[in-house]
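Trainee: Below is the file query.tsv, with TSV, C-alpha atoms and all ligand atoms.
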```
chain	number	residue	atom	x	y	z
A	26	MET	CA	0.00	0.00	0.00
A	27	THR	CA	1.33	3.42	-0.88
A	28	LYS	CA	1.18	6.02	1.83
A	29	LEU	CA	0.73	9.42	0.19
A	30	LEU	CA	2.20	12.27	2.19
A	31	LYS	CA	-0.48	14.87	1.68
A	32	PRO	CA	-4.26	14.37	1.74
A	33	THR	CA	-5.68	14.59	-1.78
A	34	LEU	CA	-9.08	14.50	-3.44
A	35	GLN	CA	-8.32	10.91	-4.44
A	36	HIS	CA	-7.89	10.02	-0.76
A	37	ILE	CA	-11.37	11.40	-0.09
A	38	TYR	CA	-12.99	9.36	-2.88
A	39	GLU	CA	-11.21	6.22	-1.68
A	40	ALA	CA	-12.24	6.91	1.90
A	41	ARG	CA	-15.85	7.30	0.83
A	42	SER	CA	-16.19	3.78	-0.52
A	43	ARG	CA	-14.15	2.32	2.34
A	44	ILE	CA	-16.24	3.84	5.13
A	45	ALA	CA	-19.70	3.49	3.55
A	46	PRO	CA	-20.78	0.53	5.73
A	47	HIS	CA	-19.94	2.47	8.93
A	48	VAL	CA	-21.39	5.86	8.06
A	49	ARG	CA	-24.86	7.29	7.57
A	50	LEU	CA	-25.55	9.60	4.65
A	51	THR	CA	-26.86	12.30	6.97
A	52	PRO	CA	-29.71	14.58	5.87
A	53	LEU	CA	-29.24	18.20	4.89
A	54	ILE	CA	-32.16	20.16	6.34
A	55	PRO	CA	-33.03	23.84	5.75
A	56	VAL	CA	-33.25	25.59	9.12
A	57	GLY	CA	-32.25	29.22	8.51
A	58	ARG	CA	-35.78	30.63	8.15
A	59	ARG	CA	-37.10	28.63	11.08
A	60	LEU	CA	-34.33	30.22	13.13
A	61	GLY	CA	-35.45	33.65	12.00
A	62	LEU	CA	-32.80	34.41	9.36
A	63	GLU	CA	-33.49	35.55	5.83
A	64	ASN	CA	-31.06	33.04	4.34
A	65	ASP	CA	-32.59	29.57	4.64
A	66	PHE	CA	-29.24	27.89	5.28
A	67	ALA	CA	-29.14	24.11	5.54
A	68	LEU	CA	-27.84	22.03	8.43
A	69	LYS	CA	-25.73	18.96	7.59
A	70	CYS	CA	-26.94	16.67	10.37
A	71	GLU	CA	-23.75	14.90	11.41
A	72	PHE	CA	-25.05	14.81	14.98
A	73	LEU	CA	-27.22	11.96	13.68
A	74	GLN	CA	-24.23	9.69	13.03
A	75	ARG	CA	-24.43	6.44	14.99
A	76	THR	CA	-21.72	7.54	17.43
A	77	GLY	CA	-23.16	11.05	17.81
A	78	SER	CA	-20.62	12.86	15.63
A	79	PHE	CA	-18.85	12.96	12.26
A	80	LYS	CA	-15.67	11.56	13.91
A	81	VAL	CA	-16.75	8.05	12.87
A	82	ARG	CA	-15.83	8.99	9.28
A	83	GLY	CA	-12.18	9.71	10.04
A	84	ALA	CA	-11.81	6.83	12.48
A	85	ALA	CA	-13.25	4.31	10.01
A	86	SER	CA	-11.20	5.74	7.15
A	87	ARG	CA	-7.96	5.39	9.12
A	88	MET	CA	-8.60	1.91	10.51
A	89	LEU	CA	-9.82	0.48	7.20
A	90	ALA	CA	-6.74	1.83	5.40
A	91	LEU	CA	-4.47	-0.28	7.64
A	92	PRO	CA	-3.05	-3.50	6.22
A	93	ALA	CA	-4.95	-6.45	7.73
A	94	ASP	CA	-2.00	-7.70	9.82
A	95	VAL	CA	-1.39	-4.25	11.32
A	96	ARG	CA	-5.07	-3.75	12.09
A	97	ARG	CA	-5.23	-7.13	13.83
A	98	ARG	CA	-2.65	-5.98	16.40
A	99	GLY	CA	-5.11	-3.33	17.60
A	100	VAL	CA	-5.41	0.44	17.92
A	101	VAL	CA	-4.87	3.00	20.66
A	102	THR	CA	-6.21	6.50	21.24
A	103	MET	CA	-6.42	8.98	24.10
A	104	SER	CA	-9.75	10.69	23.51
A	105	THR	CA	-12.70	10.21	25.87
A	106	GLY	CA	-14.84	12.43	23.68
A	107	ASN	CA	-16.36	11.98	20.24
A	108	HIS	CA	-13.16	10.67	18.67
A	109	GLY	CA	-12.68	8.01	21.35
A	110	ARG	CA	-16.27	6.86	20.98
A	111	ALA	CA	-15.88	6.65	17.22
A	112	VAL	CA	-12.63	4.67	17.41
A	113	ALA	CA	-14.13	2.25	19.96
A	114	ASP	CA	-17.26	1.79	17.88
A	115	VAL	CA	-15.49	1.11	14.60
A	116	ALA	CA	-12.94	-1.14	16.32
A	117	ARG	CA	-15.70	-3.23	17.82
A	118	SER	CA	-17.49	-3.68	14.54
A	119	LEU	CA	-14.19	-4.70	12.90
A	120	GLY	CA	-13.27	-7.03	15.77
A	121	VAL	CA	-10.16	-4.96	16.50
A	122	ALA	CA	-8.86	-4.52	20.07
A	123	VAL	CA	-8.85	-0.90	21.23
A	124	THR	CA	-7.06	0.78	24.15
A	125	VAL	CA	-8.07	4.24	25.39
A	126	CYS	CA	-5.42	6.02	27.50
A	127	VAL	CA	-6.85	8.56	29.94
A	128	SER	CA	-5.38	10.66	32.72
A	129	LYS	CA	-6.42	10.31	36.38
A	130	LEU	CA	-8.36	13.56	36.00
A	131	VAL	CA	-10.94	12.20	33.56
A	132	PRO	CA	-14.28	11.98	35.43
A	133	ARG	CA	-16.02	8.64	35.97
A	134	HIS	CA	-19.05	9.49	33.79
A	135	LYS	CA	-16.78	9.94	30.77
A	136	LEU	CA	-15.36	6.46	31.31
A	137	ASP	CA	-18.84	5.01	31.75
A	138	LEU	CA	-19.49	5.90	28.11
A	139	PHE	CA	-17.09	3.11	27.18
A	140	ASP	CA	-18.97	0.45	29.17
A	141	GLY	CA	-19.90	-2.37	26.86
A	142	SER	CA	-17.69	-1.03	24.06
A	143	GLY	CA	-15.04	-3.67	24.74
A	144	ALA	CA	-12.38	-0.95	25.00
A	145	ARG	CA	-9.48	-1.42	27.42
A	146	ILE	CA	-9.17	1.73	29.54
A	147	GLU	CA	-5.63	2.49	30.67
A	148	ILE	CA	-5.37	5.16	33.36
A	149	ALA	CA	-2.00	6.88	33.11
A	150	GLY	CA	-0.65	10.23	34.25
A	151	GLU	CA	-1.96	13.47	35.70
A	152	SER	CA	-2.79	15.26	32.45
A	153	SER	CA	-4.03	14.47	28.96
A	154	GLU	CA	-0.51	15.17	27.77
A	155	GLN	CA	0.84	12.37	29.97
A	156	ALA	CA	-1.95	10.07	28.82
A	157	GLY	CA	-0.86	10.86	25.27
A	158	VAL	CA	2.73	9.92	26.07
A	159	ARG	CA	1.46	6.60	27.42
A	160	ALA	CA	-0.60	6.02	24.25
A	161	LEU	CA	2.50	6.47	22.09
A	162	GLU	CA	4.48	4.20	24.42
A	163	LEU	CA	1.85	1.47	24.09
A	164	SER	CA	1.75	2.00	20.37
A	165	ARG	CA	5.50	1.27	20.18
A	166	ALA	CA	5.64	-1.50	22.79
A	167	GLU	CA	2.61	-3.47	21.61
A	168	GLY	CA	2.54	-2.57	17.93
A	169	LEU	CA	-0.79	-0.77	18.29
A	170	THR	CA	-1.72	1.86	15.70
A	171	TYR	CA	-2.27	5.31	17.18
A	172	VAL	CA	-5.44	6.78	15.63
A	173	HIS	CA	-4.94	10.54	15.65
A	174	PRO	CA	-8.09	12.66	16.06
A	175	PHE	CA	-7.26	15.05	13.21
A	176	ASP	CA	-3.66	15.34	11.96
A	177	ASP	CA	-3.59	12.33	9.66
A	178	PRO	CA	-4.22	12.13	5.89
A	179	GLU	CA	-6.68	9.23	6.15
A	180	VAL	CA	-8.58	10.88	9.01
A	181	ILE	CA	-8.79	14.16	7.07
A	182	ALA	CA	-9.95	12.25	3.98
A	183	GLY	CA	-12.67	10.56	6.04
A	184	GLN	CA	-14.00	13.91	7.28
A	185	GLY	CA	-13.73	15.22	3.70
A	186	THR	CA	-16.42	12.77	2.58
A	187	ILE	CA	-18.90	15.27	4.06
A	188	GLY	CA	-17.77	17.64	1.29
A	189	LEU	CA	-18.51	15.08	-1.43
A	190	GLU	CA	-21.99	14.51	0.00
A	191	LEU	CA	-22.65	18.27	0.14
A	192	LEU	CA	-21.72	18.71	-3.53
A	193	GLU	CA	-24.45	16.20	-4.37
A	194	GLN	CA	-27.02	17.26	-1.78
A	195	LEU	CA	-26.66	21.00	-2.44
A	196	PRO	CA	-25.56	21.68	-6.01
A	197	GLY	CA	-24.76	25.37	-6.22
A	198	ILE	CA	-23.38	25.52	-2.67
A	199	SER	CA	-21.49	28.80	-2.35
A	200	CYS	CA	-20.57	28.89	1.35
A	201	LEU	CA	-19.73	26.25	3.94
A	202	VAL	CA	-19.53	26.87	7.69
A	203	ALA	CA	-18.01	24.40	10.17
A	204	GLY	CA	-16.49	24.34	13.65
A	205	VAL	CA	-12.72	24.13	13.97
A	206	GLY	CA	-10.81	22.31	16.69
A	207	GLY	CA	-7.77	20.42	15.46
A	208	GLY	CA	-8.89	21.31	11.94
A	209	GLY	CA	-9.41	17.85	10.44
A	210	LEU	CA	-13.10	18.41	9.75
A	211	ILE	CA	-12.75	21.70	7.90
A	212	SER	CA	-9.52	20.70	6.10
A	213	GLY	CA	-11.15	17.63	4.57
A	214	ILE	CA	-14.35	19.42	3.59
A	215	ALA	CA	-12.45	22.41	2.17
A	216	LEU	CA	-10.26	20.12	0.07
A	217	ALA	CA	-13.33	18.43	-1.44
A	218	LEU	CA	-15.28	21.65	-2.06
A	219	LYS	CA	-12.41	23.78	-3.37
A	220	SER	CA	-11.35	20.97	-5.72
A	221	ALA	CA	-14.82	21.09	-7.25
A	222	ASN	CA	-15.10	24.88	-7.24
A	223	PRO	CA	-12.42	27.18	-5.76
A	224	ARG	CA	-15.00	29.98	-5.44
A	225	ILE	CA	-16.95	28.19	-2.70
A	226	ARG	CA	-16.26	30.11	0.53
A	227	VAL	CA	-15.22	28.01	3.52
A	228	ILE	CA	-15.62	29.65	6.94
A	229	GLY	CA	-14.39	28.15	10.20
A	230	VAL	CA	-15.86	28.90	13.62
A	231	GLN	CA	-14.16	28.74	17.02
A	232	MET	CA	-15.12	29.81	20.54
A	233	ASP	CA	-13.55	33.05	21.70
A	234	ARG	CA	-12.04	31.30	24.75
A	235	ASN	CA	-8.49	30.52	23.58
A	236	PRO	CA	-9.13	29.49	19.97
A	237	VAL	CA	-5.87	27.74	19.14
A	238	MET	CA	-6.16	27.51	15.35
A	239	HIS	CA	-7.16	31.18	15.12
A	240	HIS	CA	-4.11	32.29	17.15
A	241	SER	CA	-1.84	29.89	15.26
A	242	LEU	CA	-2.89	31.41	11.93
A	243	LYS	CA	-2.21	34.88	13.29
A	244	ALA	CA	1.23	33.78	14.51
A	245	GLY	CA	2.01	31.99	11.25
A	246	ARG	CA	2.82	28.77	13.11
A	247	PRO	CA	1.12	26.38	15.56
A	248	VAL	CA	0.99	27.87	19.08
A	249	GLU	CA	-0.05	26.42	22.46
A	250	LEU	CA	-2.63	28.11	24.69
A	251	GLU	CA	-4.07	27.23	28.06
A	252	GLU	CA	-7.27	25.19	27.65
A	253	LEU	CA	-10.24	27.07	29.14
A	254	PRO	CA	-13.61	25.51	29.99
A	255	THR	CA	-16.14	26.15	27.22
A	256	LEU	CA	-19.49	24.89	26.00
A	257	ALA	CA	-17.65	24.02	22.77
A	258	ASP	CA	-15.29	21.60	24.53
A	259	SER	CA	-14.89	19.51	21.37
A	260	LEU	CA	-13.16	22.51	19.75
A	261	ALA	CA	-10.69	23.08	22.61
A	262	GLY	CA	-7.17	21.77	22.94
A	263	SER	CA	-3.86	21.74	21.12
A	264	ILE	CA	-3.33	21.44	17.36
A	265	GLY	CA	0.17	20.09	18.08
A	266	LEU	CA	3.34	22.17	17.83
A	267	ASP	CA	4.52	19.54	15.34
A	268	ASN	CA	1.30	19.79	13.30
A	269	ALA	CA	1.93	18.15	9.92
A	270	HIS	CA	-1.26	18.69	7.92
A	271	THR	CA	-4.21	20.63	9.29
A	272	PHE	CA	-2.47	23.92	10.10
A	273	GLY	CA	-1.22	24.29	6.51
A	274	MET	CA	-4.51	23.13	5.01
A	275	VAL	CA	-6.57	25.56	7.07
A	276	ARG	CA	-4.14	28.39	6.22
A	277	ASP	CA	-4.32	27.60	2.49
A	278	LEU	CA	-7.95	26.49	2.03
A	279	VAL	CA	-10.10	28.21	4.66
A	280	ASP	CA	-11.19	31.75	3.81
A	281	ASP	CA	-11.83	33.01	7.34
A	282	ILE	CA	-12.23	31.96	10.95
A	283	VAL	CA	-14.80	33.78	13.07
A	284	LEU	CA	-15.22	33.59	16.85
A	285	VAL	CA	-18.35	33.11	18.96
A	286	SER	CA	-18.99	33.71	22.66
A	287	GLU	CA	-20.33	31.24	25.22
A	288	GLU	CA	-23.65	33.11	25.22
A	289	GLN	CA	-23.92	32.88	21.43
A	290	ILE	CA	-23.25	29.13	21.52
A	291	ALA	CA	-25.83	28.57	24.27
A	292	ARG	CA	-28.39	30.64	22.37
A	293	ALA	CA	-27.83	28.61	19.17
A	294	MET	CA	-28.27	25.33	21.09
A	295	GLY	CA	-31.50	26.62	22.58
A	296	GLN	CA	-32.88	27.90	19.28
A	297	LEU	CA	-32.02	24.68	17.44
A	298	PHE	CA	-33.90	22.77	20.10
A	299	ARG	CA	-36.91	25.06	20.25
A	300	ALA	CA	-37.27	25.64	16.50
A	301	ALA	CA	-36.27	22.24	15.14
A	302	HIS	CA	-36.12	19.85	18.13
A	303	PHE	CA	-32.47	19.15	17.44
A	304	VAL	CA	-30.06	18.39	20.27
A	305	LEU	CA	-26.52	19.52	19.50
A	306	GLU	CA	-23.52	19.95	21.77
A	307	GLY	CA	-21.82	23.35	21.91
A	308	ALA	CA	-19.18	22.56	19.29
A	309	GLY	CA	-21.89	21.09	17.06
A	310	ALA	CA	-23.88	24.33	17.20
A	311	ALA	CA	-20.92	26.71	16.75
A	312	GLY	CA	-21.57	27.27	13.02
A	313	VAL	CA	-25.22	28.07	13.63
A	314	ALA	CA	-24.16	30.38	16.48
A	315	ALA	CA	-21.92	32.34	14.11
A	316	LEU	CA	-24.75	32.83	11.62
A	317	LEU	CA	-27.33	33.77	14.26
A	318	ALA	CA	-24.88	36.27	15.76
A	319	GLY	CA	-24.32	37.88	12.36
A	320	ARG	CA	-20.63	36.98	12.38
A	321	ILE	CA	-20.74	35.83	8.75
A	322	THR	CA	-21.87	38.18	6.00
A	323	LEU	CA	-24.06	36.44	3.44
A	324	ALA	CA	-25.33	37.62	0.07
A	325	THR	CA	-29.06	37.07	-0.45
A	326	ASP	CA	-28.36	34.45	-3.13
A	327	ASP	CA	-25.70	32.61	-1.11
A	328	VAL	CA	-26.36	28.87	-0.91
A	329	VAL	CA	-25.14	27.93	2.55
A	330	ALA	CA	-24.50	24.67	4.38
A	331	VAL	CA	-23.53	24.52	8.05
A	332	VAL	CA	-22.12	21.39	9.64
A	333	GLY	CA	-24.03	20.35	12.77
A	334	SER	CA	-21.09	18.26	13.87
A	335	GLY	CA	-22.09	16.46	17.04
A	336	ALA	CA	-24.42	15.68	19.92
A	337	GLY	CA	-21.91	14.57	22.55
A	338	ILE	CA	-23.42	16.22	25.62
A	339	SER	CA	-25.01	14.90	28.82
A	340	VAL	CA	-28.67	15.55	29.58
A	341	GLU	CA	-27.66	17.66	32.59
A	342	SER	CA	-25.28	19.91	30.65
A	343	PHE	CA	-27.73	20.28	27.78
A	344	MET	CA	-30.56	21.32	30.08
A	345	LYS	CA	-28.34	23.78	31.90
A	346	SER	CA	-27.14	25.28	28.60
A	347	ILE	CA	-30.56	25.84	27.08
A	348	GLY	CA	-32.46	26.37	30.33
A	349	GLY	CA	-30.77	29.53	31.30
A	350	GLU	CA	-28.73	31.29	28.74
A	351	ALA	CA	-27.28	32.30	32.13
A	352	TYR	CA	-25.37	29.00	32.26
A	353	VAL	CA	-22.08	29.89	30.64
A	354	HIS	CA	-18.51	29.62	31.84
A	355	ALA	CA	-18.12	33.14	33.08
A	401	LIG	C1	-13.93	17.03	16.81
A	401	LIG	C2	-15.12	17.89	16.68
A	401	LIG	C3	-15.12	19.10	15.98
A	401	LIG	C4	-13.86	19.70	15.38
A	401	LIG	O1	-13.22	18.84	14.47
A	401	LIG	P1	-11.66	19.04	14.20
A	401	LIG	O2	-11.33	18.04	13.17
A	401	LIG	O3	-10.96	18.76	15.51
A	401	LIG	O4	-11.47	20.45	13.78
A	401	LIG	C5	-16.30	19.80	15.83
A	401	LIG	N1	-17.45	19.36	16.39
A	401	LIG	C6	-17.50	18.20	17.08
A	401	LIG	C7	-18.80	17.78	17.64
A	401	LIG	C8	-16.34	17.42	17.25
A	401	LIG	O5	-16.41	16.28	17.95
```
Turn this file's structure into structure tokens for me.

Mentor:
Amino acid sequence: MTKLLKPTLQHIYEARSRIAPHVRLTPLIPVGRRLGLENDFALKCEFLQRTGSFKVRGAASRMLALPADVRRRGVVTMSTGNHGRAVADVARSLGVAVTVCVSKLVPRHKLDLFDGSGARIEIAGESSEQAGVRALELSRAEGLTYVHPFDDPEVIAGQGTIGLELLEQLPGISCLVAGVGGGGLISGIALALKSANPRIRVIGVQMDRNPVMHHSLKAGRPVELEELPTLADSLAGSIGLDNAHTFGMVRDLVDDIVLVSEEQIARAMGQLFRAAHFVLEGAGAAGVAALLAGRITLATDDVVAVVGSGAGISVESFMKSIGGEAYVHA
């Protein structure tokens, strides 16, 4: 098997056929008018994926690209969030052993999500950084494949399959909006869309509480920032000082990154629930938040898709977020 260095459109097409059995073709539903905007933008409902987020695309793409003998040795990851769930889910359906490394600080209820998944939980270290070191150690010692949450060509190609679906579901698409964390989601989608039509605008959204990709772009290189609590927790965290793919792809392919506040995210979650009965986590609603807050200027004839990327939130946190727009991390 050849291992291409840079993610390409061909990678995305290959990923699409590989991951088809693991992935739902999620609906694209107009919601803009229902939310009170003039532009009837459409929501790409990735929160309806089996594992609750689009991350299943990248995880399946990566694991299915492994040679059979490598895959049989098992995989390792360090995410307790949407990526970890996706890796555990795909591994189980492929009969592949999966180890999730977590730090001592990860709360019990996050580990409970892995009950019945067959994942081996390895508790190591005092921080997610130390858990990551342990994951790499295990990867070397036991020959396990580390499945990176974003900075990997096959993972990026998997997320890019959303772009191929959008080109078919919304011919004439002129603007795409998606949340940005590590940047795998928007890199893959931007590669697919800009290959088809370089004039399609691609806009990323981050929370205003230490948005790492935004500050990295301003600095011209990946930077580290302290991780602050946010409703959009799936967008928080490092992009890696040794970032190999997503920083350059976002710099070259994404037209703009806009920021949203905790209040704007909470309001978008509440409005999506009240107007459409959709439950999205903060990161999943970030794109809608940017549009509702008027952070993205649209022409009247713009044809807009927004990725509703995930639903990984507990009942308690969801109720607090939409119950009082007062519940924000002040
Ligand atoms: C991971 C994630 C994102 C961001 O994806 P990146 O590839 O890290 O940029 C957005 N929304 C949800 C729900 C996620 O789980």

Trainee: What would the list of residues within 9 Å of (-14.4, 25.3, 12.6) (file frame) look like as an MDAnalysis selection string, if all atoms listed in the file are what count?

Mentor: chainID A and resid 202:208 210:211 228:231 238 260 282:283 308 311:312

Trainee: Taking all atoms listed in the file into account, which of A:Leu30, A:Leu297, A:Ala111, A:Leu216 comes nearest ligand LIG 401 (chain A)?

Mentor: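 Among A:Leu30, A:Leu297, A:Ala111, A:Leu216, it is A:Ala111 that comes nearest to ligand LIG 401 (chain A).
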
Trainee: Just want the 8 Å neighbourhood of Val275 in chain A, counted on all atoms listed in the file, with same-chain residues fewer than 3 positions away dropped. Output as an mmCIF file with C-alpha atoms, keeping the file's coordinate frame.

Mentor:
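The file below, result06.cif, is the result:
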```
data_model
loop_
_atom_site.group_PDB
_atom_site.id
_atom_site.type_symbol
_atom_site.label_atom_id
_atom_site.label_comp_id
_atom_site.auth_asym_id
_atom_site.auth_seq_id
_atom_site.Cartn_x
_atom_site.Cartn_y
_atom_site.Cartn_z
ATOM 1 C CA GLY A 208 -8.890 21.310 11.940
ATOM 2 C CA ILE A 211 -12.750 21.700 7.900
ATOM 3 C CA SER A 212 -9.520 20.700 6.100
ATOM 4 C CA THR A 271 -4.210 20.630 9.290
ATOM 5 C CA PHE A 272 -2.470 23.920 10.100
ATOM 6 C CA LEU A 278 -7.950 26.490 2.030
ATOM 7 C CA VAL A 279 -10.100 28.210 4.660
#
```

Trainee: Would you mind telling me which residue in A:Gly99, A:Gly188, A:Pro196, A:Gly106 lies nearest to Pro174 in chain A when using all atoms listed in the file?

Mentor: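 Once distances to Pro174 in chain A are computed over all atoms listed in the file, the minimum belongs to A:Gly106.
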
Trainee: Using only C-alpha atoms, which residues sit within 9 Å of range 339-348 of chain A once same-chain residues fewer than 5 positions away are excluded, as a PyMOL selection string?

Mentor: chain A and resi 256+290-296+298+304-307+353

Trainee: Could you tell me which of A:Gln35, A:Ser42, A:Gln74, A:Gln184 comes closest to ligand LIG 401 (chain A) if we count only C-alpha atoms and all ligand atoms?

Mentor: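 Closest candidate: A:Gln184.
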
Trainee: Put the listed atoms of ligand LIG 401 (chain A) in a box along x, y and z with 5 Å added on every side and give me the centre and edge lengths in Å to one decimal, as JSON.

Mentor:
```
{"center_x": -14.9, "center_y": 18.4, "center_z": 15.6, "size_x": 17.8, "size_y": 14.2, "size_z": 14.8}
```

Trainee: Could you check which of A:Pro52, A:Ala300, A:Ala40, A:Val112 is closest to Leu73 in chain A, using all atoms listed in the file?

Mentor: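 Between A:Pro52, A:Ala300, A:Ala40, A:Val112, the residue approaching Leu73 in chain A most closely is A:Pro52.
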
Trainee: So that I can see what lies close to range 57-70 of chain A, please list as a ChimeraX atom specification the residues with an atom at most 8 Å from it, counting all atoms listed in the file and leaving out residues fewer than 5 positions away in the same chain.

Mentor: /A:51-52,296-297,300-301,317,323,325,327-334

Trainee: Pick from A:Glu190, A:Glu147, A:Asp258, A:Asp140: nearest to ligand LIG 401 (chain A), with only C-alpha atoms and all ligand atoms counted?

Mentor: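 Closest to ligand LIG 401 (chain A), using only C-alpha atoms and all ligand atoms: A:Asp258.
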
Trainee: So the first atom is CA of Lys31 in chain A and the second is CA of Thr102 in chain A; what is the distance between them in Å, to one decimal place?

Mentor: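 Between CA of Lys31 in chain A and CA of Thr102 in chain A the gap is 22.0 Å.
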
Trainee: State, in Å with one decimal place, the distance from CA of Lys80 in chain A to atom C1 of ligand LIG 401 (chain A).

Mentor: 6.4 Å

Trainee: Since the input is missing atoms for range 314-328 of chain A, could you rebuild it with N, CA, C and O atoms and give the result as a PDB file, in the coordinates of the input?

Mentor:
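Generated output (result_3.pdb):
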```
ATOM      1  N   ALA A 314     -24.347  29.227  15.594  1.00  0.00           N
ATOM      2  CA  ALA A 314     -24.160  30.380  16.480  1.00  0.00           C
ATOM      3  C   ALA A 314     -23.554  31.554  15.718  1.00  0.00           C
ATOM      4  O   ALA A 314     -23.977  32.699  15.880  1.00  0.00           O
ATOM      5  N   ALA A 315     -22.571  31.275  14.864  1.00  0.00           N
ATOM      6  CA  ALA A 315     -21.920  32.340  14.110  1.00  0.00           C
ATOM      7  C   ALA A 315     -22.901  33.026  13.164  1.00  0.00           C
ATOM      8  O   ALA A 315     -22.896  34.251  13.019  1.00  0.00           O
ATOM      9  N   LEU A 316     -23.771  32.242  12.533  1.00  0.00           N
ATOM     10  CA  LEU A 316     -24.750  32.830  11.620  1.00  0.00           C
ATOM     11  C   LEU A 316     -25.804  33.637  12.373  1.00  0.00           C
ATOM     12  O   LEU A 316     -26.150  34.755  11.986  1.00  0.00           O
ATOM     13  N   LEU A 317     -26.308  33.069  13.480  1.00  0.00           N
ATOM     14  CA  LEU A 317     -27.330  33.770  14.260  1.00  0.00           C
ATOM     15  C   LEU A 317     -26.782  35.069  14.836  1.00  0.00           C
ATOM     16  O   LEU A 317     -27.511  36.049  14.989  1.00  0.00           O
ATOM     17  N   ALA A 318     -25.489  35.076  15.156  1.00  0.00           N
ATOM     18  CA  ALA A 318     -24.880  36.270  15.760  1.00  0.00           C
ATOM     19  C   ALA A 318     -24.447  37.275  14.698  1.00  0.00           C
ATOM     20  O   ALA A 318     -23.878  38.315  15.027  1.00  0.00           O
ATOM     21  N   GLY A 319     -24.686  36.944  13.427  1.00  0.00           N
ATOM     22  CA  GLY A 319     -24.320  37.880  12.360  1.00  0.00           C
ATOM     23  C   GLY A 319     -22.824  37.990  12.142  1.00  0.00           C
ATOM     24  O   GLY A 319     -22.334  38.997  11.624  1.00  0.00           O
ATOM     25  N   ARG A 320     -22.092  36.949  12.522  1.00  0.00           N
ATOM     26  CA  ARG A 320     -20.630  36.980  12.380  1.00  0.00           C
ATOM     27  C   ARG A 320     -20.173  36.688  10.952  1.00  0.00           C
ATOM     28  O   ARG A 320     -19.018  36.856  10.625  1.00  0.00           O
ATOM     29  N   ILE A 321     -21.101  36.175  10.131  1.00  0.00           N
ATOM     30  CA  ILE A 321     -20.740  35.830   8.750  1.00  0.00           C
ATOM     31  C   ILE A 321     -21.664  36.605   7.811  1.00  0.00           C
ATOM     32  O   ILE A 321     -22.886  36.519   7.921  1.00  0.00           O
ATOM     33  N   THR A 322     -21.075  37.386   6.929  1.00  0.00           N
ATOM     34  CA  THR A 322     -21.870  38.180   6.000  1.00  0.00           C
ATOM     35  C   THR A 322     -22.265  37.332   4.805  1.00  0.00           C
ATOM     36  O   THR A 322     -21.408  36.753   4.139  1.00  0.00           O
ATOM     37  N   LEU A 323     -23.569  37.247   4.558  1.00  0.00           N
ATOM     38  CA  LEU A 323     -24.060  36.440   3.440  1.00  0.00           C
ATOM     39  C   LEU A 323     -24.712  37.333   2.398  1.00  0.00           C
ATOM     40  O   LEU A 323     -25.361  38.318   2.732  1.00  0.00           O
ATOM     41  N   ALA A 324     -24.548  36.977   1.126  1.00  0.00           N
ATOM     42  CA  ALA A 324     -25.330  37.620   0.070  1.00  0.00           C
ATOM     43  C   ALA A 324     -26.691  36.930   0.041  1.00  0.00           C
ATOM     44  O   ALA A 324     -26.822  35.788   0.481  1.00  0.00           O
ATOM     45  N   THR A 325     -27.710  37.653  -0.474  1.00  0.00           N
ATOM     46  CA  THR A 325     -29.060  37.070  -0.450  1.00  0.00           C
ATOM     47  C   THR A 325     -29.124  35.770  -1.250  1.00  0.00           C
ATOM     48  O   THR A 325     -29.896  34.879  -0.921  1.00  0.00           O
ATOM     49  N   ASP A 326     -28.297  35.674  -2.304  1.00  0.00           N
ATOM     50  CA  ASP A 326     -28.360  34.450  -3.130  1.00  0.00           C
ATOM     51  C   ASP A 326     -27.305  33.418  -2.731  1.00  0.00           C
ATOM     52  O   ASP A 326     -27.084  32.455  -3.444  1.00  0.00           O
ATOM     53  N   ASP A 327     -26.657  33.609  -1.583  1.00  0.00           N
ATOM     54  CA  ASP A 327     -25.700  32.610  -1.110  1.00  0.00           C
ATOM     55  C   ASP A 327     -26.419  31.300  -0.794  1.00  0.00           C
ATOM     56  O   ASP A 327     -27.477  31.308  -0.173  1.00  0.00           O
ATOM     57  N   VAL A 328     -25.816  30.190  -1.218  1.00  0.00           N
ATOM     58  CA  VAL A 328     -26.360  28.870  -0.910  1.00  0.00           C
ATOM     59  C   VAL A 328     -25.454  28.260   0.160  1.00  0.00           C
ATOM     60  O   VAL A 328     -24.306  27.927  -0.111  1.00  0.00           O
TER      61      VAL A 328
END
```
